[in-house]
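Raw final_30.pdb, PDB, C-alpha atoms:
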ATOM      1  CA  MET N   1      41.057  13.301 -31.641  1.00  0.00           C
ATOM      2  CA  GLU N   2      40.593   9.922 -29.969  1.00  0.00           C
ATOM      3  CA  ASN N   3      38.659   9.932 -26.712  1.00  0.00           C
ATOM      4  CA  LYS N   4      40.736   7.300 -24.913  1.00  0.00           C
ATOM      5  CA  LEU N   5      44.345   8.345 -25.419  1.00  0.00           C
ATOM      6  CA  SER N   6      46.866   6.935 -22.979  1.00  0.00           C
ATOM      7  CA  LEU N   7      48.926   9.323 -20.857  1.00  0.00           C
ATOM      8  CA  TYR N   8      51.950   8.295 -22.910  1.00  0.00           C
ATOM      9  CA  ASN N   9      50.169   9.140 -26.192  1.00  0.00           C
ATOM     10  CA  ILE N  10      48.901  12.455 -24.848  1.00  0.00           C
ATOM     11  CA  THR N  11      52.455  13.359 -23.813  1.00  0.00           C
ATOM     12  CA  ASN N  12      53.793  12.384 -27.247  1.00  0.00           C
ATOM     13  CA  LYS N  13      51.087  14.413 -29.006  1.00  0.00           C
ATOM     14  CA  PHE N  14      51.986  17.470 -26.876  1.00  0.00           C
ATOM     15  CA  ILE N  15      55.663  17.076 -27.813  1.00  0.00           C
ATOM     16  CA  GLU N  16      54.695  16.659 -31.467  1.00  0.00           C
ATOM     17  CA  LEU N  17      52.534  19.797 -31.267  1.00  0.00           C
ATOM     18  CA  PHE N  18      55.407  21.789 -29.690  1.00  0.00           C
ATOM     19  CA  GLU N  19      57.757  20.626 -32.460  1.00  0.00           C
ATOM     20  CA  LYS N  20      55.255  21.563 -35.184  1.00  0.00           C
ATOM     21  CA  ALA N  21      54.702  24.960 -33.535  1.00  0.00           C
ATOM     22  CA  GLU N  22      58.466  25.619 -33.439  1.00  0.00           C
ATOM     23  CA  SER N  23      58.854  24.692 -37.099  1.00  0.00           C
ATOM     24  CA  SER N  24      55.809  26.803 -38.052  1.00  0.00           C
ATOM     25  CA  GLU N  25      54.025  23.834 -39.648  1.00  0.00           C
ATOM     26  CA  LEU N  26      50.745  24.876 -38.026  1.00  0.00           C
ATOM     27  CA  THR N  27      48.845  28.120 -37.836  1.00  0.00           C
ATOM     28  CA  GLN N  28      48.203  29.799 -34.476  1.00  0.00           C
ATOM     29  CA  GLU N  29      44.559  28.668 -34.681  1.00  0.00           C
ATOM     30  CA  GLU N  30      45.558  25.030 -35.310  1.00  0.00           C
ATOM     31  CA  ILE N  31      48.061  25.140 -32.436  1.00  0.00           C
ATOM     32  CA  LEU N  32      45.443  26.639 -30.126  1.00  0.00           C
ATOM     33  CA  GLU N  33      42.742  24.160 -31.193  1.00  0.00           C
ATOM     34  CA  GLN N  34      44.976  21.089 -30.900  1.00  0.00           C
ATOM     35  CA  GLY N  35      46.489  22.422 -27.668  1.00  0.00           C
ATOM     36  CA  ASN N  36      43.021  22.855 -26.145  1.00  0.00           C
ATOM     37  CA  GLU N  37      41.999  19.347 -27.240  1.00  0.00           C
ATOM     38  CA  LEU N  38      45.171  17.866 -25.737  1.00  0.00           C
ATOM     39  CA  ALA N  39      44.738  19.902 -22.532  1.00  0.00           C
ATOM     40  CA  LEU N  40      41.194  18.568 -22.201  1.00  0.00           C
ATOM     41  CA  ALA N  41      42.383  15.015 -22.877  1.00  0.00           C
ATOM     42  CA  LEU N  42      45.138  15.465 -20.255  1.00  0.00           C
ATOM     43  CA  LYS N  43      42.650  16.814 -17.715  1.00  0.00           C
ATOM     44  CA  ASN N  44      40.268  13.882 -18.333  1.00  0.00           C
ATOM     45  CA  LYS N  45      43.126  11.383 -18.094  1.00  0.00           C
ATOM     46  CA  SER N  46      44.358  13.063 -14.901  1.00  0.00           C
ATOM     47  CA  THR N  47      40.886  12.739 -13.399  1.00  0.00           C
ATOM     48  CA  SER N  48      41.015   9.017 -14.150  1.00  0.00           C
ATOM     49  CA  ILE N  49      44.512   8.784 -12.647  1.00  0.00           C
ATOM     50  CA  VAL N  50      43.394  10.485  -9.421  1.00  0.00           C
ATOM     51  CA  GLY N  51      40.395   8.150  -9.208  1.00  0.00           C
ATOM     52  CA  TYR N  52      42.548   5.068  -9.816  1.00  0.00           C
ATOM     53  CA  VAL N  53      45.148   6.063  -7.203  1.00  0.00           C
ATOM     54  CA  ARG N  54      42.516   6.959  -4.591  1.00  0.00           C
ATOM     55  CA  ASN N  55      40.643   3.711  -5.213  1.00  0.00           C
ATOM     56  CA  SER N  56      43.890   1.735  -4.931  1.00  0.00           C
ATOM     57  CA  GLU N  57      44.819   3.536  -1.693  1.00  0.00           C
ATOM     58  CA  LEU N  58      41.386   2.722  -0.235  1.00  0.00           C
ATOM     59  CA  MET N  59      41.795  -0.916  -1.280  1.00  0.00           C
ATOM     60  CA  SER N  60      45.239  -1.016   0.337  1.00  0.00           C
ATOM     61  CA  GLU N  61      43.849   0.463   3.571  1.00  0.00           C
ATOM     62  CA  ALA N  62      40.954  -2.022   3.549  1.00  0.00           C
ATOM     63  CA  ILE N  63      43.424  -4.888   3.102  1.00  0.00           C
ATOM     64  CA  LYS N  64      45.582  -3.567   5.967  1.00  0.00           C
ATOM     65  CA  ASN N  65      42.520  -3.299   8.217  1.00  0.00           C
ATOM     66  CA  GLU N  66      41.477  -6.849   7.315  1.00  0.00           C
ATOM     67  CA  ILE N  67      45.016  -8.111   8.030  1.00  0.00           C
ATOM     68  CA  ASP N  68      44.920  -6.373  11.435  1.00  0.00           C
ATOM     69  CA  ARG N  69      41.482  -7.860  12.179  1.00  0.00           C
ATOM     70  CA  LEU N  70      42.583 -11.360  11.159  1.00  0.00           C
ATOM     71  CA  THR N  71      45.846 -11.034  13.115  1.00  0.00           C
ATOM     72  CA  ALA N  72      43.899 -10.142  16.262  1.00  0.00           C
ATOM     73  CA  MET N  73      41.487 -13.015  15.600  1.00  0.00           C
ATOM     74  CA  LYS N  74      44.409 -15.441  15.140  1.00  0.00           C
ATOM     75  CA  LYS N  75      45.978 -14.264  18.397  1.00  0.00           C
ATOM     76  CA  THR N  76      42.680 -14.863  20.209  1.00  0.00           C
ATOM     77  CA  VAL N  77      42.334 -18.366  18.741  1.00  0.00           C
ATOM     78  CA  ASP N  78      45.991 -19.210  19.520  1.00  0.00           C
ATOM     79  CA  ASN N  79      45.553 -18.055  23.140  1.00  0.00           C
ATOM     80  CA  ARG N  80      42.371 -20.128  23.422  1.00  0.00           C
ATOM     81  CA  ILE N  81      44.223 -23.201  22.085  1.00  0.00           C
ATOM     82  CA  ASP N  82      47.113 -22.688  24.529  1.00  0.00           C
ATOM     83  CA  LYS N  83      44.726 -22.356  27.495  1.00  0.00           C
ATOM     84  CA  PHE N  84      42.759 -25.402  26.386  1.00  0.00           C
ATOM     85  CA  LYS N  85      45.925 -27.497  26.035  1.00  0.00           C
ATOM     86  CA  GLU N  86      47.039 -26.394  29.502  1.00  0.00           C
ATOM     87  CA  TYR N  87      43.601 -27.334  30.871  1.00  0.00           C
ATOM     88  CA  VAL N  88      43.761 -30.816  29.301  1.00  0.00           C
ATOM     89  CA  LYS N  89      47.362 -31.344  30.501  1.00  0.00           C
ATOM     90  CA  GLU N  90      46.508 -30.342  34.082  1.00  0.00           C
ATOM     91  CA  ASN N  91      43.563 -32.746  34.175  1.00  0.00           C
ATOM     92  CA  MET N  92      45.619 -35.606  32.724  1.00  0.00           C
ATOM     93  CA  GLU N  93      48.338 -34.963  35.332  1.00  0.00           C
ATOM     94  CA  ARG N  94      45.747 -34.896  38.164  1.00  0.00           C
ATOM     95  CA  LEU N  95      44.580 -38.343  37.035  1.00  0.00           C
ATOM     96  CA  ASP N  96      48.179 -39.608  36.539  1.00  0.00           C
ATOM     97  CA  ILE N  97      47.348 -40.338  32.893  1.00  0.00           C
ATOM     98  CA  PHE N  98      50.210 -39.410  30.591  1.00  0.00           C
ATOM     99  CA  LYS N  99      48.986 -40.858  27.304  1.00  0.00           C
ATOM    100  CA  ILE N 100      45.581 -41.252  25.655  1.00  0.00           C
ATOM    101  CA  ASP N 101      45.258 -42.823  22.195  1.00  0.00           C
ATOM    102  CA  THR N 102      42.272 -41.812  20.033  1.00  0.00           C
ATOM    103  CA  GLU N 103      41.198 -42.386  16.433  1.00  0.00           C
ATOM    104  CA  LEU N 104      42.300 -38.838  15.499  1.00  0.00           C
ATOM    105  CA  GLY N 105      45.604 -38.766  17.357  1.00  0.00           C
ATOM    106  CA  THR N 106      47.355 -39.201  20.672  1.00  0.00           C
ATOM    107  CA  LEU N 107      47.349 -36.924  23.700  1.00  0.00           C
ATOM    108  CA  TYR N 108      50.439 -37.251  25.847  1.00  0.00           C
ATOM    109  CA  VAL N 109      52.164 -35.289  28.560  1.00  0.00           C
ATOM    110  CA  SER N 110      55.918 -35.161  28.222  1.00  0.00           C
ATOM    111  CA  LYS N 111      58.762 -33.389  29.943  1.00  0.00           C
ATOM    112  CA  ASN N 112      60.087 -30.282  28.230  1.00  0.00           C
ATOM    113  CA  PRO N 113      63.825 -29.832  27.635  1.00  0.00           C
ATOM    114  CA  ILE N 114      65.746 -28.073  30.402  1.00  0.00           C
ATOM    115  CA  SER N 115      65.306 -24.306  30.228  1.00  0.00           C
ATOM    116  CA  VAL N 116      66.387 -21.267  32.213  1.00  0.00           C
ATOM    117  CA  GLU N 117      64.061 -18.849  33.948  1.00  0.00           C
ATOM    118  CA  ILE N 118      65.436 -15.421  34.878  1.00  0.00           C
ATOM    119  CA  TYR N 119      63.455 -14.265  37.893  1.00  0.00           C
ATOM    120  CA  ASP N 120      65.626 -11.192  38.704  1.00  0.00           C
ATOM    121  CA  GLU N 121      67.904  -9.724  36.010  1.00  0.00           C
ATOM    122  CA  ALA N 122      69.631  -7.463  38.525  1.00  0.00           C
ATOM    123  CA  LEU N 123      71.191 -10.488  40.236  1.00  0.00           C
ATOM    124  CA  ILE N 124      72.769 -11.819  37.017  1.00  0.00           C
ATOM    125  CA  THR N 125      76.517 -11.013  36.824  1.00  0.00           C
ATOM    126  CA  ASP N 126      78.207  -9.342  33.845  1.00  0.00           C
ATOM    127  CA  GLU N 127      79.745 -12.686  32.912  1.00  0.00           C
ATOM    128  CA  TYR N 128      76.334 -13.737  31.559  1.00  0.00           C
ATOM    129  CA  ARG N 129      75.424 -10.496  29.800  1.00  0.00           C
ATOM    130  CA  LYS N 130      75.739  -9.722  26.110  1.00  0.00           C
ATOM    131  CA  GLU N 131      75.965  -6.169  24.874  1.00  0.00           C
ATOM    132  CA  ARG N 132      74.062  -5.212  21.757  1.00  0.00           C
ATOM    133  CA  VAL N 133      74.964  -1.984  20.021  1.00  0.00           C
ATOM    134  CA  THR N 134      73.134  -0.516  17.069  1.00  0.00           C
ATOM    135  CA  VAL N 135      74.434   2.447  15.141  1.00  0.00           C
ATOM    136  CA  ALA N 136      72.161   4.585  13.000  1.00  0.00           C
ATOM    137  CA  ILE N 137      73.051   7.601  10.889  1.00  0.00           C
ATOM    138  CA  ASP N 138      71.176  10.770  11.823  1.00  0.00           C
ATOM    139  CA  LYS N 139      70.086  11.964   8.370  1.00  0.00           C
ATOM    140  CA  THR N 140      68.156  14.898   9.817  1.00  0.00           C
ATOM    141  CA  ALA N 141      71.271  16.292  11.510  1.00  0.00           C
ATOM    142  CA  ILE N 142      73.293  15.768   8.316  1.00  0.00           C
ATOM    143  CA  LYS N 143      70.618  17.538   6.248  1.00  0.00           C
ATOM    144  CA  ASN N 144      70.542  20.472   8.680  1.00  0.00           C
ATOM    145  CA  ASP N 145      74.354  20.793   8.643  1.00  0.00           C
ATOM    146  CA  LEU N 146      74.507  20.578   4.840  1.00  0.00           C
ATOM    147  CA  LYS N 147      71.770  23.211   4.538  1.00  0.00           C
ATOM    148  CA  ALA N 148      73.781  25.434   6.907  1.00  0.00           C
ATOM    149  CA  GLY N 149      76.771  25.159   4.555  1.00  0.00           C
ATOM    150  CA  LYS N 150      78.802  22.689   6.588  1.00  0.00           C
ATOM    151  CA  LYS N 151      80.631  20.019   4.576  1.00  0.00           C
ATOM    152  CA  VAL N 152      79.815  16.436   5.569  1.00  0.00           C
ATOM    153  CA  GLU N 153      82.056  13.773   4.014  1.00  0.00           C
ATOM    154  CA  GLY N 154      80.089  10.944   2.442  1.00  0.00           C
ATOM    155  CA  ALA N 155      76.827  12.885   2.184  1.00  0.00           C
ATOM    156  CA  ARG N 156      75.247  15.468  -0.103  1.00  0.00           C
ATOM    157  CA  LEU N 157      71.898  17.172  -0.528  1.00  0.00           C
ATOM    158  CA  ILE N 158      69.721  15.974  -3.381  1.00  0.00           C
ATOM    159  CA  GLU N 159      67.203  18.474  -4.627  1.00  0.00           C
ATOM    160  CA  ASP N 160      66.177  17.089  -8.026  1.00  0.00           C
ATOM    161  CA  LYS N 161      63.980  14.207  -6.882  1.00  0.00           C
ATOM    162  CA  THR N 162      60.285  14.464  -7.624  1.00  0.00           C
ATOM    163  CA  SER N 163      57.197  12.607  -6.535  1.00  0.00           C
ATOM    164  CA  LEU N 164      53.552  12.590  -7.489  1.00  0.00           C
ATOM    165  CA  ARG N 165      51.153  13.919  -4.858  1.00  0.00           C
ATOM    166  CA  ILE N 166      47.425  13.621  -5.139  1.00  0.00           C
ATOM    167  CA  LYS N 167      45.137  15.773  -3.020  1.00  0.00           C
TER     168      LYS N 167
END

Let me see whether you can do it: turn the structure in this file into structure tokens.
Amino acid sequence: MENKLSLYNITNKFIELFEKAESSELTQEEILEQGNELALALKNKSTSIVGYVRNSELMSEAIKNEIDRLTAMKKTVDNRIDKFKEYVKENMERLDIFKIDTELGTLYVSKNPISVEIYDEALITDEYRKERVTVAIDKTAIKNDLKAGKKVEGARLIEDKTSLRIK
């Protein structure tokens, strides 16, 4: 038997073996021998699958950690830029200089568009308030009621789903 069978080929060979066993094309010894070879191939392939999944999960975690590290670094740099810009603006305003041309670009202080600052939300009347409502379905409560035998229109229990778990 080939050493590097794919999971698909191993599965097909098992099905083929079962069919041959049912039709009595093979002796008990042949079935046992081929079954043992396929079982070993499946175990070896499964070992590779576990290794691949674990390696991929570690890579994913490493990428997430690097994203988190870079996000924090970006936030630090952005805060530094904002503080530096504020520092430059304050000094230009102290000197009554509102524009400086350079070879790389122009620094200028300009008025921002009109904005609103809310300094005490409690003083704002209902006329200026918007209500936001979010509705979420409580699947846990539905599952518990369905398990208890209660009928819930629009919902049902699903028990035939499967997933692969690797420990």

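Across the structure, CA of Ala72 in chain N and CA of Lys89 in chain N are spaced 25.8 Å apart.
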
Subject >> Spatial neighbours of range 109-121 of chain N, 8 Å, all atoms listed in the file, chain gap at least 4 places, as a PyMOL selection string >> reply: chain N and resi 89+92-93+98-99

Subject >> Å distance separating CA of Leu7 in chain N from CA of Ser163 in chain N, one decimal place >> reply: 16.9 Å

Subject >> Shell around Leu42 in chain N at 10 Å using only C-alpha atoms, local window under 5 positions removed, as a PyMOL selection string >> reply: chain N and resi 5-7+10-11+14+36-37+47-48

Completion step: range 109-128 of chain N with N, CA, C and O atoms as a CSV table (one decimal), in the coordinates of the input:
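What ended up in selection-v2.csv:
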chain,number,residue,atom,x,y,z
N,109,VAL,N,51.5,-36.3,27.8
N,109,VAL,CA,52.2,-35.3,28.6
N,109,VAL,C,53.6,-35.7,28.6
N,109,VAL,O,53.9,-36.9,29.0
N,110,SER,N,54.5,-34.8,28.2
N,110,SER,CA,55.9,-35.2,28.2
N,110,SER,C,56.7,-34.0,28.9
N,110,SER,O,56.2,-32.9,29.0
N,111,LYS,N,57.9,-34.4,29.3
N,111,LYS,CA,58.8,-33.4,29.9
N,111,LYS,C,59.4,-32.5,28.9
N,111,LYS,O,59.8,-33.0,27.8
N,112,ASN,N,59.4,-31.2,29.1
N,112,ASN,CA,60.1,-30.3,28.2
N,112,ASN,C,61.6,-30.3,28.4
N,112,ASN,O,62.1,-30.7,29.5
N,113,PRO,N,62.4,-29.9,27.4
N,113,PRO,CA,63.8,-29.8,27.6
N,113,PRO,C,64.1,-28.8,28.7
N,113,PRO,O,63.3,-27.9,29.1
N,114,ILE,N,65.3,-29.0,29.3
N,114,ILE,CA,65.7,-28.1,30.4
N,114,ILE,C,65.8,-26.6,29.9
N,114,ILE,O,66.3,-26.4,28.7
N,115,SER,N,65.3,-25.7,30.6
N,115,SER,CA,65.3,-24.3,30.2
N,115,SER,C,65.7,-23.4,31.4
N,115,SER,O,65.8,-23.9,32.5
N,116,VAL,N,66.0,-22.2,31.2
N,116,VAL,CA,66.4,-21.3,32.2
N,116,VAL,C,65.3,-20.2,32.4
N,116,VAL,O,64.8,-19.7,31.4
N,117,GLU,N,65.0,-19.9,33.6
N,117,GLU,CA,64.1,-18.8,33.9
N,117,GLU,C,64.8,-17.8,34.7
N,117,GLU,O,65.5,-18.1,35.7
N,118,ILE,N,64.8,-16.6,34.2
N,118,ILE,CA,65.4,-15.4,34.9
N,118,ILE,C,64.4,-14.8,35.7
N,118,ILE,O,63.4,-14.2,35.2
N,119,TYR,N,64.5,-14.9,37.0
N,119,TYR,CA,63.5,-14.3,37.9
N,119,TYR,C,63.9,-12.9,38.4
N,119,TYR,O,63.0,-12.1,38.9
N,120,ASP,N,65.2,-12.5,38.3
N,120,ASP,CA,65.6,-11.2,38.7
N,120,ASP,C,66.9,-10.9,37.9
N,120,ASP,O,68.0,-11.3,38.3
N,121,GLU,N,66.8,-10.1,36.9
N,121,GLU,CA,67.9,-9.7,36.0
N,121,GLU,C,69.0,-9.0,36.8
N,121,GLU,O,70.2,-9.1,36.4
N,122,ALA,N,68.6,-8.2,37.8
N,122,ALA,CA,69.6,-7.5,38.5
N,122,ALA,C,70.6,-8.4,39.2
N,122,ALA,O,71.8,-7.9,39.5
N,123,LEU,N,70.3,-9.6,39.5
N,123,LEU,CA,71.2,-10.5,40.2
N,123,LEU,C,72.2,-11.2,39.3
N,123,LEU,O,73.1,-11.8,39.7
N,124,ILE,N,71.9,-11.1,38.0
N,124,ILE,CA,72.8,-11.8,37.0
N,124,ILE,C,74.1,-11.0,36.8
N,124,ILE,O,74.0,-9.8,36.6
N,125,THR,N,75.2,-11.7,36.9
N,125,THR,CA,76.5,-11.0,36.8
N,125,THR,C,76.8,-10.7,35.4
N,125,THR,O,76.2,-11.2,34.4
N,126,ASP,N,77.8,-9.8,35.2
N,126,ASP,CA,78.2,-9.3,33.8
N,126,ASP,C,78.7,-10.5,33.0
N,126,ASP,O,78.7,-10.4,31.8
N,127,GLU,N,79.2,-11.5,33.6
N,127,GLU,CA,79.7,-12.7,32.9
N,127,GLU,C,78.7,-13.3,32.0
N,127,GLU,O,79.0,-13.8,30.9
N,128,TYR,N,77.4,-13.1,32.3
N,128,TYR,CA,76.3,-13.7,31.6
N,128,TYR,C,75.5,-12.7,30.7
N,128,TYR,O,74.5,-13.0,30.3
